[in-house]
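Notes follow once the structure below has been shown.
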Amino acid sequence: MDISSNVRIGPFEVFFPLNSNAPAIKDSKKESSADEYPGRLFIVEGIDGSGKSTQLSLLHKWLESKGYGVVFSEWNSSPLVKDTTKLGKKKKMLSPATFSLIHATDFADRTEKSILPLLKAGAVVLCDRYAYTAFARDVARGMDRKWVRNLYDFAVKPSVAFYFRVPLETAIGRITASRDCLKFYEAGMDLDLSDDPHESFRMFQGRILNEYERMIHEFGLTVIDATLPVEVQQAQVRRIAKARLDAATELRVRP
Amino acid sequence: MKQTYGTLLPGMKLCDLAGKLIVIEGTDGAGRTTQINLLRPWLEELGHAVLDTGMTRSALAGDGIRRAKEGNNLGRVTQSLFYATDFVDRLENEIVPALRAGFVVLTDRYIYSPIARAMVRGVDPVWIRNLYSTALKPDAVFYLRLGMDQLIPRVIFSRGFDYWESGMDFYPGHDMFESFCNYQRALLAEFDRLSIEYNFETVDASPDARIVFSLLKSRISEVLATNFHRPSIPILESAAERIAASREIPAASAFGDHGSRDVELLLRPFTAASAARNGNSNNHSHVSGD
């Protein structure tokens, strides 16, 4: 193929269209949602201590018991990138910008190598945290809201994005009960909000919570009241997921 | 005062950046490293403190990128973001502090090489420009340009074919030479487009390195002598406008791949095209006046 003749290979799938006066070359670009593929994509979001991972794990087991082909992808888990992230965190080398970029790199690798091909193959893909985590955290660290959204422009829009909504104090209570030591970046210590890790964590999580609240409407997040009993939440999650799976006709069945 | 391409990173202050940011760009084999190795001692002899930097040299992401490339399975979006991570780490920790301390920063490639590579691989042009909108606008960008006829022997007889320099991730097949040519040709066309969009000063890289060096010396002397911003650069608001503007001139017809044309470019870098577009009557920003 001769690219010099200005032929463009189709752009990567689009998640959040940019509000720019896009030139003609953007015409080939279409908004991409997981529902356009044979597979389905369910993701969970929420602040630390919202109980989202518990809920996703229960959904995972249930889907498997029903015979669906399910694959799980965790935030920050790309084998190509995670050593760099680890290095940056360990040596406290990450600025808000490089923190944002290295997580986007990790997410891109998982999107290119696993999430997208799996959706095309008809799998049910589950993600613990998604682009919204980056939107919340990076903006809480002072990154430009629009710039971060553009960064994740390549992400596939999930079939359902569950947001486990919980008051700050409830979440903090759950976290501090289960952990005595907060990590540097987890507590937002890089932002110099407070010398006390617990106070810093509280302030940082508060900012993140505000960002999530803004996103409910912006991205149509499916809100689950995370103060309800685990079983009640899970029943809601399963009902919503089931409706989306029933509508999917090309799902691949587990062998 | 220095400016960015549209996005200011948190905590970054642009006032007091007294140094000069000078970019040496060009395709593989254009002699960028050779020139920087000549320029650095020359600048130091003149009494300038020099920082030289280049792609994948960041403490944060350099090793990670090299490891990822060894596996030959780095996707195009991942690749773009990994390079951007490397770039921003150097921007924040090397380039900006050096400029603040009054250094001349010589950078072997800047944001334009990763943009060109991403464009060739079909990454969204607006996305990649927004990604790099945190970059500082350099004081000068020298584009060492080689036509395909000179580029091929320089690369293959110096270090042989490389998986990534041959675009094998993007042009799959068994013929590495064919893949190499296709990839380098596409890159060259992209660089030519970027040279207009970002107002590069094009320097013909085909003559002897000493000739290129003397040309660069005279232009860099001018850049260092002036405290004014380069004149007559049209200020385009958005990345989309810049792309649209650069697309007005089709690469294939405006810039040939032949040696004969390169000779013209030695002294007259794309002035016709850029001057026509800019309505530019002041040739200050070019390698030499017409």
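Just so we're on the same page: first chain in the structure tokens is A, next is B, and so on; residues restart at 1 for each chain, and ligands are numbered from 1 in the order they show up.
Proximity to Tyr163 in chain A at 10 Å, evaluated using only C-alpha atoms and with sequence-adjacent residues fewer than 4 positions away removed, yields A:Ile43, A:Val44, A:Glu45, A:Gly46, A:Ile47, A:Ser50, A:Lys52, A:Arg129, A:Tyr132, A:Tyr212, A:Glu213, A:Met215, A:Ile216, A:Gly220, A:Leu221, A:Thr222, A:Val223, A:Ile224, A:Asp225, A:Ala226.
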Got time to write the residues from that selection, N, CA and C atoms, as a PDB file, in the first residue's frame?
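Contents of the output file selection-v6.pdb:
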```pdb
ATOM      1  N   ILE A  43     -17.980  -2.621  32.909  1.00  0.00           N
ATOM      2  CA  ILE A  43     -16.894  -2.095  33.727  1.00  0.00           C
ATOM      3  C   ILE A  43     -17.453  -1.547  35.040  1.00  0.00           C
ATOM      4  N   VAL A  44     -16.615  -1.550  36.065  1.00  0.00           N
ATOM      5  CA  VAL A  44     -17.048  -0.984  37.349  1.00  0.00           C
ATOM      6  C   VAL A  44     -16.137   0.180  37.733  1.00  0.00           C
ATOM      7  N   GLU A  45     -16.751   1.191  38.311  1.00  0.00           N
ATOM      8  CA  GLU A  45     -16.035   2.381  38.750  1.00  0.00           C
ATOM      9  C   GLU A  45     -16.504   2.794  40.132  1.00  0.00           C
ATOM     10  N   GLY A  46     -15.706   3.583  40.794  1.00  0.00           N
ATOM     11  CA  GLY A  46     -16.071   4.105  42.107  1.00  0.00           C
ATOM     12  C   GLY A  46     -14.805   4.418  42.881  1.00  0.00           C
ATOM     13  N   ILE A  47     -14.931   5.188  43.954  1.00  0.00           N
ATOM     14  CA  ILE A  47     -13.739   5.500  44.745  1.00  0.00           C
ATOM     15  C   ILE A  47     -13.288   4.252  45.509  1.00  0.00           C
ATOM     16  N   SER A  50     -15.515   1.542  47.634  1.00  0.00           N
ATOM     17  CA  SER A  50     -16.918   1.577  47.218  1.00  0.00           C
ATOM     18  C   SER A  50     -17.489   0.170  47.057  1.00  0.00           C
ATOM     19  N   LYS A  52     -16.680  -1.930  44.551  1.00  0.00           N
ATOM     20  CA  LYS A  52     -16.857  -2.273  43.133  1.00  0.00           C
ATOM     21  C   LYS A  52     -16.194  -3.589  42.737  1.00  0.00           C
ATOM     22  N   ARG A 129     -12.155  -0.875  36.934  1.00  0.00           N
ATOM     23  CA  ARG A 129     -11.704   0.468  36.578  1.00  0.00           C
ATOM     24  C   ARG A 129     -11.527   0.585  35.064  1.00  0.00           C
ATOM     25  N   TYR A 132     -12.686   6.162  33.088  1.00  0.00           N
ATOM     26  CA  TYR A 132     -13.265   7.120  34.043  1.00  0.00           C
ATOM     27  C   TYR A 132     -12.396   7.287  35.286  1.00  0.00           C
ATOM     28  N   TYR A 212     -16.222  12.033  39.784  1.00  0.00           N
ATOM     29  CA  TYR A 212     -17.170  10.969  39.439  1.00  0.00           C
ATOM     30  C   TYR A 212     -18.588  11.519  39.337  1.00  0.00           C
ATOM     31  N   GLU A 213     -18.938  12.367  40.286  1.00  0.00           N
ATOM     32  CA  GLU A 213     -20.301  12.904  40.297  1.00  0.00           C
ATOM     33  C   GLU A 213     -20.594  13.688  39.009  1.00  0.00           C
ATOM     34  N   MET A 215     -19.323  13.067  36.182  1.00  0.00           N
ATOM     35  CA  MET A 215     -19.305  12.156  35.027  1.00  0.00           C
ATOM     36  C   MET A 215     -20.581  11.341  34.876  1.00  0.00           C
ATOM     37  N   ILE A 216     -21.377  11.248  35.951  1.00  0.00           N
ATOM     38  CA  ILE A 216     -22.599  10.439  35.891  1.00  0.00           C
ATOM     39  C   ILE A 216     -23.430  10.855  34.685  1.00  0.00           C
ATOM     40  N   GLY A 220     -23.246   9.065  31.106  1.00  0.00           N
ATOM     41  CA  GLY A 220     -24.350   8.140  31.320  1.00  0.00           C
ATOM     42  C   GLY A 220     -23.965   6.920  32.149  1.00  0.00           C
ATOM     43  N   LEU A 221     -23.259   7.154  33.253  1.00  0.00           N
ATOM     44  CA  LEU A 221     -22.875   6.033  34.110  1.00  0.00           C
ATOM     45  C   LEU A 221     -24.123   5.441  34.771  1.00  0.00           C
ATOM     46  N   THR A 222     -24.112   4.121  34.952  1.00  0.00           N
ATOM     47  CA  THR A 222     -25.209   3.445  35.638  1.00  0.00           C
ATOM     48  C   THR A 222     -24.899   3.431  37.136  1.00  0.00           C
ATOM     49  N   VAL A 223     -25.691   4.190  37.887  1.00  0.00           N
ATOM     50  CA  VAL A 223     -25.382   4.380  39.305  1.00  0.00           C
ATOM     51  C   VAL A 223     -25.964   3.255  40.145  1.00  0.00           C
ATOM     52  N   ILE A 224     -25.112   2.669  40.967  1.00  0.00           N
ATOM     53  CA  ILE A 224     -25.570   1.676  41.937  1.00  0.00           C
ATOM     54  C   ILE A 224     -25.311   2.265  43.325  1.00  0.00           C
ATOM     55  N   ASP A 225     -26.328   2.213  44.182  1.00  0.00           N
ATOM     56  CA  ASP A 225     -26.165   2.736  45.531  1.00  0.00           C
ATOM     57  C   ASP A 225     -25.323   1.755  46.344  1.00  0.00           C
ATOM     58  N   ALA A 226     -24.069   2.121  46.573  1.00  0.00           N
ATOM     59  CA  ALA A 226     -23.116   1.200  47.192  1.00  0.00           C
ATOM     60  C   ALA A 226     -23.234   1.159  48.705  1.00  0.00           C
TER      61      ALA A 226
END
```
Next on the checklist: Considering only helix (DSSP H, G or I) as DSSP defines it on the backbone, what residues of range 14-165 of chain B qualify? List them as a ChimeraX atom specification.
Outcome noted: /B:32-45,62-70,76-100,112-120,125-131,148-156
Next on the checklist: I'd like to know which residues of range 1-224 of chain A are strand (DSSP E) (by DSSP, run on the backbone); could you write them as a PyMOL selection string?
Outcome noted: chain A and resi 40-45+70-74+124-128+160-165+222-224
Same residues, N, CA and C atoms, output as a PDB file, in the first residue's frame:
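Contents of the output file out_10.pdb:
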```pdb
ATOM      1  N   ARG A  40     -19.572  -8.134  24.731  1.00  0.00           N
ATOM      2  CA  ARG A  40     -20.115  -7.090  25.603  1.00  0.00           C
ATOM      3  C   ARG A  40     -19.065  -6.703  26.632  1.00  0.00           C
ATOM      4  N   LEU A  41     -19.093  -5.414  27.008  1.00  0.00           N
ATOM      5  CA  LEU A  41     -18.088  -4.888  27.927  1.00  0.00           C
ATOM      6  C   LEU A  41     -18.759  -4.276  29.151  1.00  0.00           C
ATOM      7  N   PHE A  42     -18.494  -4.857  30.321  1.00  0.00           N
ATOM      8  CA  PHE A  42     -19.027  -4.318  31.573  1.00  0.00           C
ATOM      9  C   PHE A  42     -17.861  -3.844  32.419  1.00  0.00           C
ATOM     10  N   ILE A  43     -17.980  -2.621  32.909  1.00  0.00           N
ATOM     11  CA  ILE A  43     -16.894  -2.095  33.727  1.00  0.00           C
ATOM     12  C   ILE A  43     -17.453  -1.547  35.040  1.00  0.00           C
ATOM     13  N   VAL A  44     -16.615  -1.550  36.065  1.00  0.00           N
ATOM     14  CA  VAL A  44     -17.048  -0.984  37.349  1.00  0.00           C
ATOM     15  C   VAL A  44     -16.137   0.180  37.733  1.00  0.00           C
ATOM     16  N   GLU A  45     -16.751   1.191  38.311  1.00  0.00           N
ATOM     17  CA  GLU A  45     -16.035   2.381  38.750  1.00  0.00           C
ATOM     18  C   GLU A  45     -16.504   2.794  40.132  1.00  0.00           C
ATOM     19  N   VAL A  70     -16.108 -15.414  29.608  1.00  0.00           N
ATOM     20  CA  VAL A  70     -15.807 -14.163  30.299  1.00  0.00           C
ATOM     21  C   VAL A  70     -14.304 -13.957  30.436  1.00  0.00           C
ATOM     22  N   VAL A  71     -13.858 -12.739  30.191  1.00  0.00           N
ATOM     23  CA  VAL A  71     -12.447 -12.407  30.410  1.00  0.00           C
ATOM     24  C   VAL A  71     -12.381 -11.147  31.265  1.00  0.00           C
ATOM     25  N   PHE A  72     -11.442 -11.164  32.212  1.00  0.00           N
ATOM     26  CA  PHE A  72     -11.323 -10.061  33.163  1.00  0.00           C
ATOM     27  C   PHE A  72     -10.041  -9.284  32.887  1.00  0.00           C
ATOM     28  N   SER A  73     -10.141  -7.958  32.883  1.00  0.00           N
ATOM     29  CA  SER A  73      -8.949  -7.134  32.678  1.00  0.00           C
ATOM     30  C   SER A  73      -8.866  -6.097  33.784  1.00  0.00           C
ATOM     31  N   GLU A  74      -7.733  -6.084  34.447  1.00  0.00           N
ATOM     32  CA  GLU A  74      -7.589  -5.216  35.604  1.00  0.00           C
ATOM     33  C   GLU A  74      -6.840  -3.944  35.241  1.00  0.00           C
ATOM     34  N   VAL A 124     -17.375 -11.795  26.709  1.00  0.00           N
ATOM     35  CA  VAL A 124     -17.855 -10.827  27.683  1.00  0.00           C
ATOM     36  C   VAL A 124     -16.617 -10.348  28.439  1.00  0.00           C
ATOM     37  N   VAL A 125     -16.321  -9.041  28.336  1.00  0.00           N
ATOM     38  CA  VAL A 125     -15.116  -8.498  28.949  1.00  0.00           C
ATOM     39  C   VAL A 125     -15.503  -7.695  30.189  1.00  0.00           C
ATOM     40  N   LEU A 126     -14.811  -7.976  31.278  1.00  0.00           N
ATOM     41  CA  LEU A 126     -15.071  -7.261  32.526  1.00  0.00           C
ATOM     42  C   LEU A 126     -13.836  -6.451  32.905  1.00  0.00           C
ATOM     43  N   CYS A 127     -14.011  -5.177  33.210  1.00  0.00           N
ATOM     44  CA  CYS A 127     -12.874  -4.355  33.622  1.00  0.00           C
ATOM     45  C   CYS A 127     -13.113  -3.738  34.983  1.00  0.00           C
ATOM     46  N   ASP A 128     -12.142  -3.944  35.873  1.00  0.00           N
ATOM     47  CA  ASP A 128     -12.165  -3.274  37.167  1.00  0.00           C
ATOM     48  C   ASP A 128     -11.430  -1.955  36.981  1.00  0.00           C
ATOM     49  N   VAL A 160     -22.105  -1.332  29.619  1.00  0.00           N
ATOM     50  CA  VAL A 160     -22.605  -0.704  30.842  1.00  0.00           C
ATOM     51  C   VAL A 160     -21.402  -0.288  31.697  1.00  0.00           C
ATOM     52  N   ALA A 161     -21.422   0.952  32.161  1.00  0.00           N
ATOM     53  CA  ALA A 161     -20.411   1.425  33.106  1.00  0.00           C
ATOM     54  C   ALA A 161     -21.100   1.597  34.452  1.00  0.00           C
ATOM     55  N   PHE A 162     -20.857   0.647  35.365  1.00  0.00           N
ATOM     56  CA  PHE A 162     -21.469   0.721  36.685  1.00  0.00           C
ATOM     57  C   PHE A 162     -20.663   1.661  37.575  1.00  0.00           C
ATOM     58  N   TYR A 163     -21.349   2.604  38.188  1.00  0.00           N
ATOM     59  CA  TYR A 163     -20.673   3.501  39.135  1.00  0.00           C
ATOM     60  C   TYR A 163     -21.209   3.221  40.537  1.00  0.00           C
ATOM     61  N   PHE A 164     -20.348   2.737  41.405  1.00  0.00           N
ATOM     62  CA  PHE A 164     -20.743   2.424  42.774  1.00  0.00           C
ATOM     63  C   PHE A 164     -20.578   3.667  43.627  1.00  0.00           C
ATOM     64  N   ARG A 165     -21.731   4.255  43.897  1.00  0.00           N
ATOM     65  CA  ARG A 165     -21.744   5.555  44.537  1.00  0.00           C
ATOM     66  C   ARG A 165     -21.858   5.408  46.042  1.00  0.00           C
ATOM     67  N   THR A 222     -24.112   4.121  34.952  1.00  0.00           N
ATOM     68  CA  THR A 222     -25.209   3.445  35.638  1.00  0.00           C
ATOM     69  C   THR A 222     -24.899   3.431  37.136  1.00  0.00           C
ATOM     70  N   VAL A 223     -25.691   4.190  37.887  1.00  0.00           N
ATOM     71  CA  VAL A 223     -25.382   4.380  39.305  1.00  0.00           C
ATOM     72  C   VAL A 223     -25.964   3.255  40.145  1.00  0.00           C
ATOM     73  N   ILE A 224     -25.112   2.669  40.967  1.00  0.00           N
ATOM     74  CA  ILE A 224     -25.570   1.676  41.937  1.00  0.00           C
ATOM     75  C   ILE A 224     -25.311   2.265  43.325  1.00  0.00           C
TER      76      ILE A 224
END
```
Next on the checklist: Residues within 10 Å of Lys146 in chain A, please, as a PyMOL selection string. Count only C-alpha atoms; anything in the same chain fewer than 3 positions from it doesn't count.
Outcome noted: (chain A and resi 18-19+135+139+143+149-151) or (chain B and resi 7+130)
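Taking CA of Asn182 in chain B and CA of Pro153 in chain B as the two end points, the separation is 14.9 Å.
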Residues of chain B within 6 Å of chain A: nearest atom pair and distance (Å, one decimal) for each, counting only C-alpha atoms, sorted by chain and number, as a Markdown table?
```
| residue | atom | partner | partner_atom | distance |
| --- | --- | --- | --- | --- |
| B:Pro10 | CA | A:Gly142 | CA | 5.8 |
| B:Gly64 | CA | A:Thr84 | CA | 5.6 |
| B:Ala68 | CA | A:Leu80 | CA | 5.7 |
| B:Thr78 | CA | A:Ala108 | CA | 5.0 |
| B:Leu81 | CA | A:Thr105 | CA | 5.1 |
| B:Phe82 | CA | A:Thr105 | CA | 5.7 |
| B:Thr85 | CA | A:Leu101 | CA | 5.3 |
| B:Gly122 | CA | A:Ile9 | CA | 4.9 |
| B:Val123 | CA | A:Pro11 | CA | 5.5 |
| B:Asp124 | CA | A:Pro11 | CA | 5.4 |
| B:Ala186 | CA | A:Ser4 | CA | 4.9 |
| B:Ala189 | CA | A:Ser4 | CA | 5.8 |
| B:Ala240 | CA | A:Ala22 | CA | 5.6 |
```
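For the pair CA of Gly39 in chain A and CA of Phe219 in chain A, the interatomic distance is 20.4 Å.
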